[in-house]
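Q: This is the structure I want to talk about, given as structure tokens.
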2 protein chains.
Amino acid sequence: MSRIEYKNYDRFLLAVDCIIFGFDGNSLKALLIKRGFEPEKGKWSLMGGFAAQDESIDQAAGRILLNLTGLDQIYMEQLHCFGEVDRDPGGRVISLAYFALIKIDDSDGEKLEQHNAKWVDLRKLPALIFDHRQMIRLAKERLQQKVSNHPIGFELLPHKFTLQQLQALYEAVYETNFDKRNFTRKILSLGVLQRLDEKEKASSKKGAFYYVFDKKKYKRLESEGIKFI
Amino acid sequence: MSRIEYKNYDRFLLAVDCIIFGFDGNSLKALLIKRGFEPEKGKWSLMGGFAAQDESIDQAAGRILLNLTGLDQIYMEQLHCFGEVDRDPGGRVISLAYFALIKIDDSDGEKLEQHNAKWVDLRKLPALIFDHRQMIRLAKERLQQKVSNHPIGFELLPHKFTLQQLQALYEAVYETNFDKRNFTRKILSLGVLQRLDEKEKASSKKGAFYYVFDKKKYKRLESEGIKFI
DNA sequence: GCAAAAGTGTTGAGTTTACACCCATGT
DNA sequence: ACATGGGTGTAAACTCAACACTTTTGC
């Protein structure tokens, strides 16, 4: 049981890169940074960092996300491990990609500025270093899958939201349009939304009801992975 | 662009563990080995090995699978990276789990014996080292997902097979039973099966037609991830 | 009073499920 | 001739997609 059993094998640098999604009411965005060190300093990149011996990889991912956004305990999921030999010109680095869903308004603006971070429309990505574009593409596919049978879309919306905002989110994720009546009926039939008495009046004269999200019913559905859309 | 940029970060041993699924006509099986080295020597384990600097992680996974089964170019997919600090008492080892689907009869019996490998019914798993049981559970969930919208179930069957064998496979994967008529109709309606003139006569007097698998149509469906079951 | 977004039902098409009997053949 | 697994059709329930008008209210 000693720690010398495996001494003759190669060791690797282990990076964690975070695909951080947000939704601004219109389009789906990813949080990108201007890379602050070589190689590829100054280029657009995902937020990342290296894992350390004394933390689990999930902890490393959480640390890196906290570092950039100031946010803790947010939805985060391992996406894929990227391990091509030459993926990083700076060395043999294995990258673990994680994707996270955050509410744009919750993030810490100062921290974002410190890292030169910017929310970028997923349909208008700039050139990115290494295989980061591929990571984002894969994350987006995973998000689509996930959203279709888990209620994680709610992670991207403010606490209270209108049906129109929710629909806009789903439309952004799938890059398509839904029929308002069908969408409303389907979502409400799941019974995970709770209507408030309050209305959002900014975007219409009549005003649209706010909804929140019934955590108990949500949890029940989440386990069996109900079909959402 | 030099290779010294990252020198101050921790380095990790990177294991690759393979969840190898097979189907014997009745039940879904995983290929396990009796571990040949410390720690936990002699215990049941997944087949694994360490990644090397000069290979990609996918290559490492392929190498390890080839090593055990003698098989090349088989269906294999990265599952998840396991990175808890204390997952391996022999050291800080990050494990990349891959899952593979093979036809049991294709594998090299001698090689399997050399590794003390055994096909084990998924419903009757022995105690396994480390987090390997969790890996298998996750792989099984992924297999269910995958099989539902990709025609990968065929990877587990012999080249030609009867509808009954195919149904038995799906039933094993989902641990449920399907109605024969509904199953047949649905599968045939996809148009990826081609009926041969030949019949399998071993298990019935009338004989059941063999089918093979139309690769062209399969490829077309695979891309969009058609709904199978 | 009118512009602008909110809210709300129905119908037809297609899909899914449940269900049972005859067929071909080796013995 | 009979036992065994192979092969096939139909009807009811349900789900999904398409479609348009009335309501509210700030200006």
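Each chain in the structure tokens gets a letter, A, B and so on, in the order shown; residues start at 1 in every chain, and ligands are counted from 1 in the order they appear.
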Both chains have the same sequence, so superpose chain B on chain A over all Cα atoms paired in order and return it as a PDB file with C-alpha atoms, in the first residue's frame.
A:
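And here's out-v6.pdb as it stands now:
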```
ATOM      1  CA  MET B   1      -0.040  -0.172  -0.102  1.00  0.00           C
ATOM      2  CA  SER B   2       2.956   2.116  -0.213  1.00  0.00           C
ATOM      3  CA  ARG B   3       3.097   5.120  -2.454  1.00  0.00           C
ATOM      4  CA  ILE B   4       6.046   3.851  -4.439  1.00  0.00           C
ATOM      5  CA  GLU B   5       4.198   1.252  -6.469  1.00  0.00           C
ATOM      6  CA  TYR B   6       3.711   3.397  -9.514  1.00  0.00           C
ATOM      7  CA  LYS B   7       6.956   5.313  -9.616  1.00  0.00           C
ATOM      8  CA  ASN B   8       8.050   4.358 -13.105  1.00  0.00           C
ATOM      9  CA  TYR B   9       5.241   5.891 -15.070  1.00  0.00           C
ATOM     10  CA  ASP B  10       4.993   9.252 -16.778  1.00  0.00           C
ATOM     11  CA  ARG B  11       3.400  12.160 -15.020  1.00  0.00           C
ATOM     12  CA  PHE B  12       1.253  14.832 -16.552  1.00  0.00           C
ATOM     13  CA  LEU B  13       0.250  18.395 -16.022  1.00  0.00           C
ATOM     14  CA  LEU B  14      -3.466  18.495 -15.531  1.00  0.00           C
ATOM     15  CA  ALA B  15      -5.319  21.608 -16.592  1.00  0.00           C
ATOM     16  CA  VAL B  16      -8.947  22.322 -15.904  1.00  0.00           C
ATOM     17  CA  ASP B  17     -10.762  24.515 -18.408  1.00  0.00           C
ATOM     18  CA  CYS B  18     -14.216  25.876 -17.725  1.00  0.00           C
ATOM     19  CA  ILE B  19     -16.887  26.495 -20.283  1.00  0.00           C
ATOM     20  CA  ILE B  20     -19.104  28.959 -18.471  1.00  0.00           C
ATOM     21  CA  PHE B  21     -22.484  29.563 -20.024  1.00  0.00           C
ATOM     22  CA  GLY B  22     -24.768  32.467 -19.345  1.00  0.00           C
ATOM     23  CA  PHE B  23     -27.962  33.849 -20.828  1.00  0.00           C
ATOM     24  CA  ASP B  24     -28.713  37.529 -21.186  1.00  0.00           C
ATOM     25  CA  GLY B  25     -32.348  37.255 -22.220  1.00  0.00           C
ATOM     26  CA  ASN B  26     -31.569  37.035 -25.896  1.00  0.00           C
ATOM     27  CA  SER B  27     -28.634  34.845 -26.581  1.00  0.00           C
ATOM     28  CA  LEU B  28     -26.530  32.182 -25.037  1.00  0.00           C
ATOM     29  CA  LYS B  29     -23.089  33.391 -24.056  1.00  0.00           C
ATOM     30  CA  ALA B  30     -19.807  31.927 -22.964  1.00  0.00           C
ATOM     31  CA  LEU B  31     -17.407  33.624 -20.609  1.00  0.00           C
ATOM     32  CA  LEU B  32     -14.004  34.057 -22.230  1.00  0.00           C
ATOM     33  CA  ILE B  33     -10.826  35.629 -20.973  1.00  0.00           C
ATOM     34  CA  LYS B  34      -7.799  37.233 -22.514  1.00  0.00           C
ATOM     35  CA  ARG B  35      -5.091  34.835 -21.539  1.00  0.00           C
ATOM     36  CA  GLY B  36      -2.627  36.457 -19.158  1.00  0.00           C
ATOM     37  CA  PHE B  37       0.442  34.301 -19.631  1.00  0.00           C
ATOM     38  CA  GLU B  38       2.526  32.561 -22.243  1.00  0.00           C
ATOM     39  CA  PRO B  39       2.114  30.741 -24.496  1.00  0.00           C
ATOM     40  CA  GLU B  40      -0.615  32.509 -26.466  1.00  0.00           C
ATOM     41  CA  LYS B  41      -0.725  35.409 -24.029  1.00  0.00           C
ATOM     42  CA  GLY B  42      -3.370  37.956 -24.975  1.00  0.00           C
ATOM     43  CA  LYS B  43      -5.437  35.528 -27.041  1.00  0.00           C
ATOM     44  CA  TRP B  44      -9.016  34.569 -26.251  1.00  0.00           C
ATOM     45  CA  SER B  45      -9.268  31.525 -24.079  1.00  0.00           C
ATOM     46  CA  LEU B  46     -11.468  29.667 -21.690  1.00  0.00           C
ATOM     47  CA  MET B  47     -10.821  30.232 -18.020  1.00  0.00           C
ATOM     48  CA  GLY B  48      -8.502  27.557 -16.789  1.00  0.00           C
ATOM     49  CA  GLY B  49      -5.859  26.551 -14.315  1.00  0.00           C
ATOM     50  CA  PHE B  50      -3.821  23.638 -13.145  1.00  0.00           C
ATOM     51  CA  ALA B  51      -5.005  20.980 -10.737  1.00  0.00           C
ATOM     52  CA  ALA B  52      -3.040  20.499  -7.542  1.00  0.00           C
ATOM     53  CA  GLN B  53      -2.148  17.288  -5.720  1.00  0.00           C
ATOM     54  CA  ASP B  54      -4.196  18.025  -2.648  1.00  0.00           C
ATOM     55  CA  GLU B  55      -7.551  18.640  -4.325  1.00  0.00           C
ATOM     56  CA  SER B  56      -9.925  16.495  -6.310  1.00  0.00           C
ATOM     57  CA  ILE B  57     -10.456  17.467  -9.907  1.00  0.00           C
ATOM     58  CA  ASP B  58     -13.994  18.603  -9.133  1.00  0.00           C
ATOM     59  CA  GLN B  59     -12.596  20.817  -6.424  1.00  0.00           C
ATOM     60  CA  ALA B  60     -10.058  22.196  -8.851  1.00  0.00           C
ATOM     61  CA  ALA B  61     -12.834  23.062 -11.265  1.00  0.00           C
ATOM     62  CA  GLY B  62     -14.818  24.745  -8.504  1.00  0.00           C
ATOM     63  CA  ARG B  63     -11.774  26.708  -7.410  1.00  0.00           C
ATOM     64  CA  ILE B  64     -11.112  27.971 -10.904  1.00  0.00           C
ATOM     65  CA  LEU B  65     -14.696  29.013 -11.391  1.00  0.00           C
ATOM     66  CA  LEU B  66     -14.773  30.764  -8.030  1.00  0.00           C
ATOM     67  CA  ASN B  67     -11.573  32.486  -8.932  1.00  0.00           C
ATOM     68  CA  LEU B  68     -13.026  34.044 -12.014  1.00  0.00           C
ATOM     69  CA  THR B  69     -16.628  34.698 -11.071  1.00  0.00           C
ATOM     70  CA  GLY B  70     -16.702  34.845  -7.284  1.00  0.00           C
ATOM     71  CA  LEU B  71     -19.428  32.216  -7.442  1.00  0.00           C
ATOM     72  CA  ASP B  72     -19.695  29.074  -5.415  1.00  0.00           C
ATOM     73  CA  GLN B  73     -22.055  26.134  -5.485  1.00  0.00           C
ATOM     74  CA  ILE B  74     -23.179  26.543  -9.009  1.00  0.00           C
ATOM     75  CA  TYR B  75     -24.161  23.967 -11.569  1.00  0.00           C
ATOM     76  CA  MET B  76     -21.054  22.368 -12.914  1.00  0.00           C
ATOM     77  CA  GLU B  77     -20.395  19.140 -14.688  1.00  0.00           C
ATOM     78  CA  GLN B  78     -17.404  17.390 -16.106  1.00  0.00           C
ATOM     79  CA  LEU B  79     -17.554  17.490 -19.873  1.00  0.00           C
ATOM     80  CA  HIS B  80     -14.631  15.671 -21.399  1.00  0.00           C
ATOM     81  CA  CYS B  81     -10.940  15.150 -21.066  1.00  0.00           C
ATOM     82  CA  PHE B  82      -8.802  16.425 -23.910  1.00  0.00           C
ATOM     83  CA  GLY B  83      -5.489  14.681 -24.253  1.00  0.00           C
ATOM     84  CA  GLU B  84      -3.973  15.014 -27.684  1.00  0.00           C
ATOM     85  CA  VAL B  85      -0.198  15.040 -27.490  1.00  0.00           C
ATOM     86  CA  ASP B  86       0.247  18.442 -29.075  1.00  0.00           C
ATOM     87  CA  ARG B  87      -2.859  20.213 -27.915  1.00  0.00           C
ATOM     88  CA  ASP B  88      -0.859  22.768 -25.913  1.00  0.00           C
ATOM     89  CA  PRO B  89       2.377  24.141 -27.349  1.00  0.00           C
ATOM     90  CA  GLY B  90       3.553  24.971 -23.837  1.00  0.00           C
ATOM     91  CA  GLY B  91       3.905  21.363 -22.800  1.00  0.00           C
ATOM     92  CA  ARG B  92       2.178  18.017 -22.519  1.00  0.00           C
ATOM     93  CA  VAL B  93      -0.946  19.129 -20.755  1.00  0.00           C
ATOM     94  CA  ILE B  94      -4.060  17.057 -20.302  1.00  0.00           C
ATOM     95  CA  SER B  95      -7.112  19.246 -20.054  1.00  0.00           C
ATOM     96  CA  LEU B  96     -10.274  18.464 -18.197  1.00  0.00           C
ATOM     97  CA  ALA B  97     -13.127  20.519 -19.547  1.00  0.00           C
ATOM     98  CA  TYR B  98     -15.968  21.359 -17.198  1.00  0.00           C
ATOM     99  CA  PHE B  99     -19.063  23.224 -18.082  1.00  0.00           C
ATOM    100  CA  ALA B 100     -20.902  25.537 -15.746  1.00  0.00           C
ATOM    101  CA  LEU B 101     -24.185  27.405 -15.898  1.00  0.00           C
ATOM    102  CA  ILE B 102     -24.399  30.721 -14.144  1.00  0.00           C
ATOM    103  CA  LYS B 103     -26.713  33.673 -13.948  1.00  0.00           C
ATOM    104  CA  ILE B 104     -24.841  36.458 -15.662  1.00  0.00           C
ATOM    105  CA  ASP B 105     -25.917  39.083 -13.156  1.00  0.00           C
ATOM    106  CA  ASP B 106     -24.659  37.108 -10.185  1.00  0.00           C
ATOM    107  CA  SER B 107     -21.044  37.185 -11.222  1.00  0.00           C
ATOM    108  CA  ASP B 108     -18.523  39.541  -9.675  1.00  0.00           C
ATOM    109  CA  GLY B 109     -17.825  42.303 -12.178  1.00  0.00           C
ATOM    110  CA  GLU B 110     -14.520  43.300 -10.618  1.00  0.00           C
ATOM    111  CA  LYS B 111     -13.160  39.796 -10.757  1.00  0.00           C
ATOM    112  CA  LEU B 112     -14.210  39.510 -14.361  1.00  0.00           C
ATOM    113  CA  GLU B 113     -12.364  42.699 -15.196  1.00  0.00           C
ATOM    114  CA  GLN B 114      -9.234  41.530 -13.420  1.00  0.00           C
ATOM    115  CA  HIS B 115      -9.146  38.562 -15.766  1.00  0.00           C
ATOM    116  CA  ASN B 116     -10.159  40.547 -18.821  1.00  0.00           C
ATOM    117  CA  ALA B 117     -13.190  38.347 -19.075  1.00  0.00           C
ATOM    118  CA  LYS B 118     -16.021  38.954 -21.474  1.00  0.00           C
ATOM    119  CA  TRP B 119     -19.349  37.371 -22.229  1.00  0.00           C
ATOM    120  CA  VAL B 120     -19.393  36.369 -25.861  1.00  0.00           C
ATOM    121  CA  ASP B 121     -22.343  35.312 -27.988  1.00  0.00           C
ATOM    122  CA  LEU B 122     -21.923  31.644 -28.836  1.00  0.00           C
ATOM    123  CA  ARG B 123     -22.740  32.331 -32.439  1.00  0.00           C
ATOM    124  CA  LYS B 124     -19.975  34.915 -32.673  1.00  0.00           C
ATOM    125  CA  LEU B 125     -16.981  33.289 -31.063  1.00  0.00           C
ATOM    126  CA  PRO B 126     -13.571  34.820 -31.732  1.00  0.00           C
ATOM    127  CA  ALA B 127     -10.538  32.686 -32.510  1.00  0.00           C
ATOM    128  CA  LEU B 128      -9.620  30.699 -29.441  1.00  0.00           C
ATOM    129  CA  ILE B 129      -6.410  29.069 -28.309  1.00  0.00           C
ATOM    130  CA  PHE B 130      -5.644  25.358 -28.482  1.00  0.00           C
ATOM    131  CA  ASP B 131      -8.721  23.160 -28.683  1.00  0.00           C
ATOM    132  CA  HIS B 132     -10.954  25.534 -26.761  1.00  0.00           C
ATOM    133  CA  ARG B 133     -13.344  26.056 -29.612  1.00  0.00           C
ATOM    134  CA  GLN B 134     -13.908  22.331 -29.812  1.00  0.00           C
ATOM    135  CA  MET B 135     -14.528  22.299 -26.078  1.00  0.00           C
ATOM    136  CA  ILE B 136     -17.210  24.934 -26.405  1.00  0.00           C
ATOM    137  CA  ARG B 137     -18.850  23.132 -29.280  1.00  0.00           C
ATOM    138  CA  LEU B 138     -18.966  19.927 -27.291  1.00  0.00           C
ATOM    139  CA  ALA B 139     -20.273  21.766 -24.245  1.00  0.00           C
ATOM    140  CA  LYS B 140     -23.046  23.268 -26.288  1.00  0.00           C
ATOM    141  CA  GLU B 141     -24.095  19.879 -27.580  1.00  0.00           C
ATOM    142  CA  ARG B 142     -24.064  18.542 -24.048  1.00  0.00           C
ATOM    143  CA  LEU B 143     -26.119  21.504 -22.876  1.00  0.00           C
ATOM    144  CA  GLN B 144     -28.741  20.777 -25.510  1.00  0.00           C
ATOM    145  CA  GLN B 145     -28.934  17.142 -24.502  1.00  0.00           C
ATOM    146  CA  LYS B 146     -29.021  17.996 -20.866  1.00  0.00           C
ATOM    147  CA  VAL B 147     -31.623  20.705 -21.117  1.00  0.00           C
ATOM    148  CA  SER B 148     -33.922  18.352 -22.970  1.00  0.00           C
ATOM    149  CA  ASN B 149     -34.324  16.083 -19.999  1.00  0.00           C
ATOM    150  CA  HIS B 150     -33.117  17.933 -16.963  1.00  0.00           C
ATOM    151  CA  PRO B 151     -34.426  21.225 -15.712  1.00  0.00           C
ATOM    152  CA  ILE B 152     -31.006  22.817 -15.715  1.00  0.00           C
ATOM    153  CA  GLY B 153     -32.107  25.636 -17.933  1.00  0.00           C
ATOM    154  CA  PHE B 154     -33.283  27.356 -14.803  1.00  0.00           C
ATOM    155  CA  GLU B 155     -29.717  27.735 -13.632  1.00  0.00           C
ATOM    156  CA  LEU B 156     -29.255  30.311 -16.336  1.00  0.00           C
ATOM    157  CA  LEU B 157     -32.230  32.488 -15.487  1.00  0.00           C
ATOM    158  CA  PRO B 158     -32.741  34.918 -12.631  1.00  0.00           C
ATOM    159  CA  HIS B 159     -34.637  33.659  -9.617  1.00  0.00           C
ATOM    160  CA  LYS B 160     -37.916  34.900 -10.971  1.00  0.00           C
ATOM    161  CA  PHE B 161     -38.554  34.961 -14.664  1.00  0.00           C
ATOM    162  CA  THR B 162     -41.356  35.164 -17.172  1.00  0.00           C
ATOM    163  CA  LEU B 163     -42.458  32.394 -19.471  1.00  0.00           C
ATOM    164  CA  GLN B 164     -41.216  34.461 -22.328  1.00  0.00           C
ATOM    165  CA  GLN B 165     -37.734  34.594 -20.867  1.00  0.00           C
ATOM    166  CA  LEU B 166     -37.780  30.863 -20.338  1.00  0.00           C
ATOM    167  CA  GLN B 167     -38.903  30.268 -23.885  1.00  0.00           C
ATOM    168  CA  ALA B 168     -36.236  32.616 -25.193  1.00  0.00           C
ATOM    169  CA  LEU B 169     -33.659  30.596 -23.292  1.00  0.00           C
ATOM    170  CA  TYR B 170     -34.801  27.326 -24.793  1.00  0.00           C
ATOM    171  CA  GLU B 171     -34.882  28.909 -28.207  1.00  0.00           C
ATOM    172  CA  ALA B 172     -31.341  30.154 -27.766  1.00  0.00           C
ATOM    173  CA  VAL B 173     -30.086  26.778 -26.605  1.00  0.00           C
ATOM    174  CA  TYR B 174     -31.642  24.969 -29.532  1.00  0.00           C
ATOM    175  CA  GLU B 175     -31.282  27.767 -32.034  1.00  0.00           C
ATOM    176  CA  THR B 176     -34.868  27.337 -33.085  1.00  0.00           C
ATOM    177  CA  ASN B 177     -38.307  28.765 -32.382  1.00  0.00           C
ATOM    178  CA  PHE B 178     -41.147  27.249 -30.462  1.00  0.00           C
ATOM    179  CA  ASP B 179     -44.844  27.929 -30.645  1.00  0.00           C
ATOM    180  CA  LYS B 180     -45.762  30.033 -27.625  1.00  0.00           C
ATOM    181  CA  ARG B 181     -48.932  28.122 -26.794  1.00  0.00           C
ATOM    182  CA  ASN B 182     -47.368  24.716 -27.075  1.00  0.00           C
ATOM    183  CA  PHE B 183     -44.344  25.779 -25.102  1.00  0.00           C
ATOM    184  CA  THR B 184     -46.379  27.280 -22.287  1.00  0.00           C
ATOM    185  CA  ARG B 185     -48.638  24.287 -22.032  1.00  0.00           C
ATOM    186  CA  LYS B 186     -45.820  21.839 -21.926  1.00  0.00           C
ATOM    187  CA  ILE B 187     -43.715  23.635 -19.389  1.00  0.00           C
ATOM    188  CA  LEU B 188     -46.639  24.327 -17.073  1.00  0.00           C
ATOM    189  CA  SER B 189     -47.850  20.745 -17.315  1.00  0.00           C
ATOM    190  CA  LEU B 190     -44.632  19.592 -15.677  1.00  0.00           C
ATOM    191  CA  GLY B 191     -45.731  21.335 -12.515  1.00  0.00           C
ATOM    192  CA  VAL B 192     -42.302  22.648 -11.599  1.00  0.00           C
ATOM    193  CA  LEU B 193     -43.205  26.279 -12.054  1.00  0.00           C
ATOM    194  CA  GLN B 194     -44.964  28.400  -9.507  1.00  0.00           C
ATOM    195  CA  ARG B 195     -46.627  31.607 -10.618  1.00  0.00           C
ATOM    196  CA  LEU B 196     -46.095  34.674  -8.501  1.00  0.00           C
ATOM    197  CA  ASP B 197     -48.645  37.457  -8.141  1.00  0.00           C
ATOM    198  CA  GLU B 198     -45.993  39.854  -9.307  1.00  0.00           C
ATOM    199  CA  LYS B 199     -45.674  40.950 -12.880  1.00  0.00           C
ATOM    200  CA  GLU B 200     -42.799  42.069 -15.014  1.00  0.00           C
ATOM    201  CA  LYS B 201     -43.923  45.355 -16.528  1.00  0.00           C
ATOM    202  CA  ALA B 202     -40.827  46.559 -18.286  1.00  0.00           C
ATOM    203  CA  SER B 203     -41.362  44.888 -21.595  1.00  0.00           C
ATOM    204  CA  SER B 204     -45.097  45.163 -22.019  1.00  0.00           C
ATOM    205  CA  LYS B 205     -48.045  47.221 -20.931  1.00  0.00           C
ATOM    206  CA  LYS B 206     -50.121  44.330 -19.779  1.00  0.00           C
ATOM    207  CA  GLY B 207     -47.240  42.840 -17.832  1.00  0.00           C
ATOM    208  CA  ALA B 208     -46.166  39.206 -17.696  1.00  0.00           C
ATOM    209  CA  PHE B 209     -46.386  37.070 -14.605  1.00  0.00           C
ATOM    210  CA  TYR B 210     -43.171  36.088 -12.944  1.00  0.00           C
ATOM    211  CA  TYR B 211     -42.631  32.463 -12.198  1.00  0.00           C
ATOM    212  CA  VAL B 212     -40.315  30.737  -9.825  1.00  0.00           C
ATOM    213  CA  PHE B 213     -39.317  27.304  -9.703  1.00  0.00           C
ATOM    214  CA  ASP B 214     -40.711  24.710  -7.286  1.00  0.00           C
ATOM    215  CA  LYS B 215     -37.582  23.027  -5.936  1.00  0.00           C
ATOM    216  CA  LYS B 216     -39.374  20.060  -4.396  1.00  0.00           C
ATOM    217  CA  LYS B 217     -41.116  19.018  -7.561  1.00  0.00           C
ATOM    218  CA  TYR B 218     -37.997  19.800  -9.522  1.00  0.00           C
ATOM    219  CA  LYS B 219     -35.918  17.433  -7.427  1.00  0.00           C
ATOM    220  CA  ARG B 220     -38.420  14.671  -7.921  1.00  0.00           C
ATOM    221  CA  LEU B 221     -38.372  15.086 -11.683  1.00  0.00           C
ATOM    222  CA  GLU B 222     -34.633  15.587 -11.878  1.00  0.00           C
ATOM    223  CA  SER B 223     -33.873  12.135 -10.600  1.00  0.00           C
ATOM    224  CA  GLU B 224     -35.732  10.339 -13.343  1.00  0.00           C
ATOM    225  CA  GLY B 225     -34.727  12.819 -16.003  1.00  0.00           C
ATOM    226  CA  ILE B 226     -38.100  13.885 -17.270  1.00  0.00           C
ATOM    227  CA  LYS B 227     -38.546  14.984 -20.844  1.00  0.00           C
ATOM    228  CA  PHE B 228     -38.636  18.757 -20.928  1.00  0.00           C
ATOM    229  CA  ILE B 229     -38.785  19.735 -24.533  1.00  0.00           C
TER     230      ILE B 229
END
```
Q: Where does DSSP see helix (DSSP H, G or I) in stretch 13-206 of chain A, if you list the residues as a ChimeraX atom specification?
A: /A:57-69,104-106,109-114,122-124,132-149,151-156,163-174,180-189
Q: Quote the spacing between atom C1' of C:DG14 and atom C1' of D:DA12 in Å to one decimal place.
A: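 Interatomic distance, atom C1' of C:DG14 to atom C1' of D:DA12: 14.0 Å.
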Q: Residues of chain C near chain B: apply a cut-off of 6 Å, count only C-alpha atoms (C1' of nucleotides), and supply the list as a PDB file with C-alpha atoms (C1' of nucleotides), in the first residue's frame.
A:
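Once written, part.pdb looks like this:
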```
ATOM      1  C1'  DA C  24     -43.283 -23.799 -40.327  1.00  0.00           C
ATOM      2  C1'  DT C  25     -40.756 -27.560 -39.123  1.00  0.00           C
ATOM      3  C1'  DG C  26     -38.088 -31.270 -36.485  1.00  0.00           C
TER       4       DG C  26
END
```
Q: List every residue of stretch 41-71 of chain B that DSSP, applied to the backbone of this structure, places in strand (DSSP E or B), and write the result as a list of chain:residue names.
A: B:Trp44, B:Ser45, B:Met47, B:Gly48, B:Gly49, B:Phe50
Q: Please return, as a JSON list (two decimals) with C-alpha atoms (C1' of nucleotides), in the first residue's frame, all residues of chain D lying within 10 Å of chain B when only C-alpha atoms (C1' of nucleotides) are considered.
A:
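The resulting file, out.json, is reproduced below:
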```json
[["chain", "number", "residue", "atom", "x", "y", "z"],
["D", 3, "DA", "C1'", -44.49, -29.12, -29.48],
["D", 4, "DT", "C1'", -41.61, -25.15, -30.17],
["D", 5, "DG", "C1'", -40.29, -20.81, -31.19],
["D", 6, "DG", "C1'", -41.21, -17.53, -35.47],
["D", 7, "DG", "C1'", -43.76, -14.30, -37.44],
["D", 8, "DT", "C1'", -47.46, -11.02, -38.08],
["D", 9, "DG", "C1'", -52.10, -6.75, -37.61]]
```
Q: Please, what distance in Å, to one decimal, runs between atom C1' of C:DT8 and atom C1' of D:DA13?
A: 25.0 Å
Q: Could you please determine the separation between atom C1' of C:DG9 and atom C1' of D:DT24 in Å, to one decimal place?
A: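 Atom C1' of D:DT24 lies 19.7 Å from atom C1' of C:DG9.
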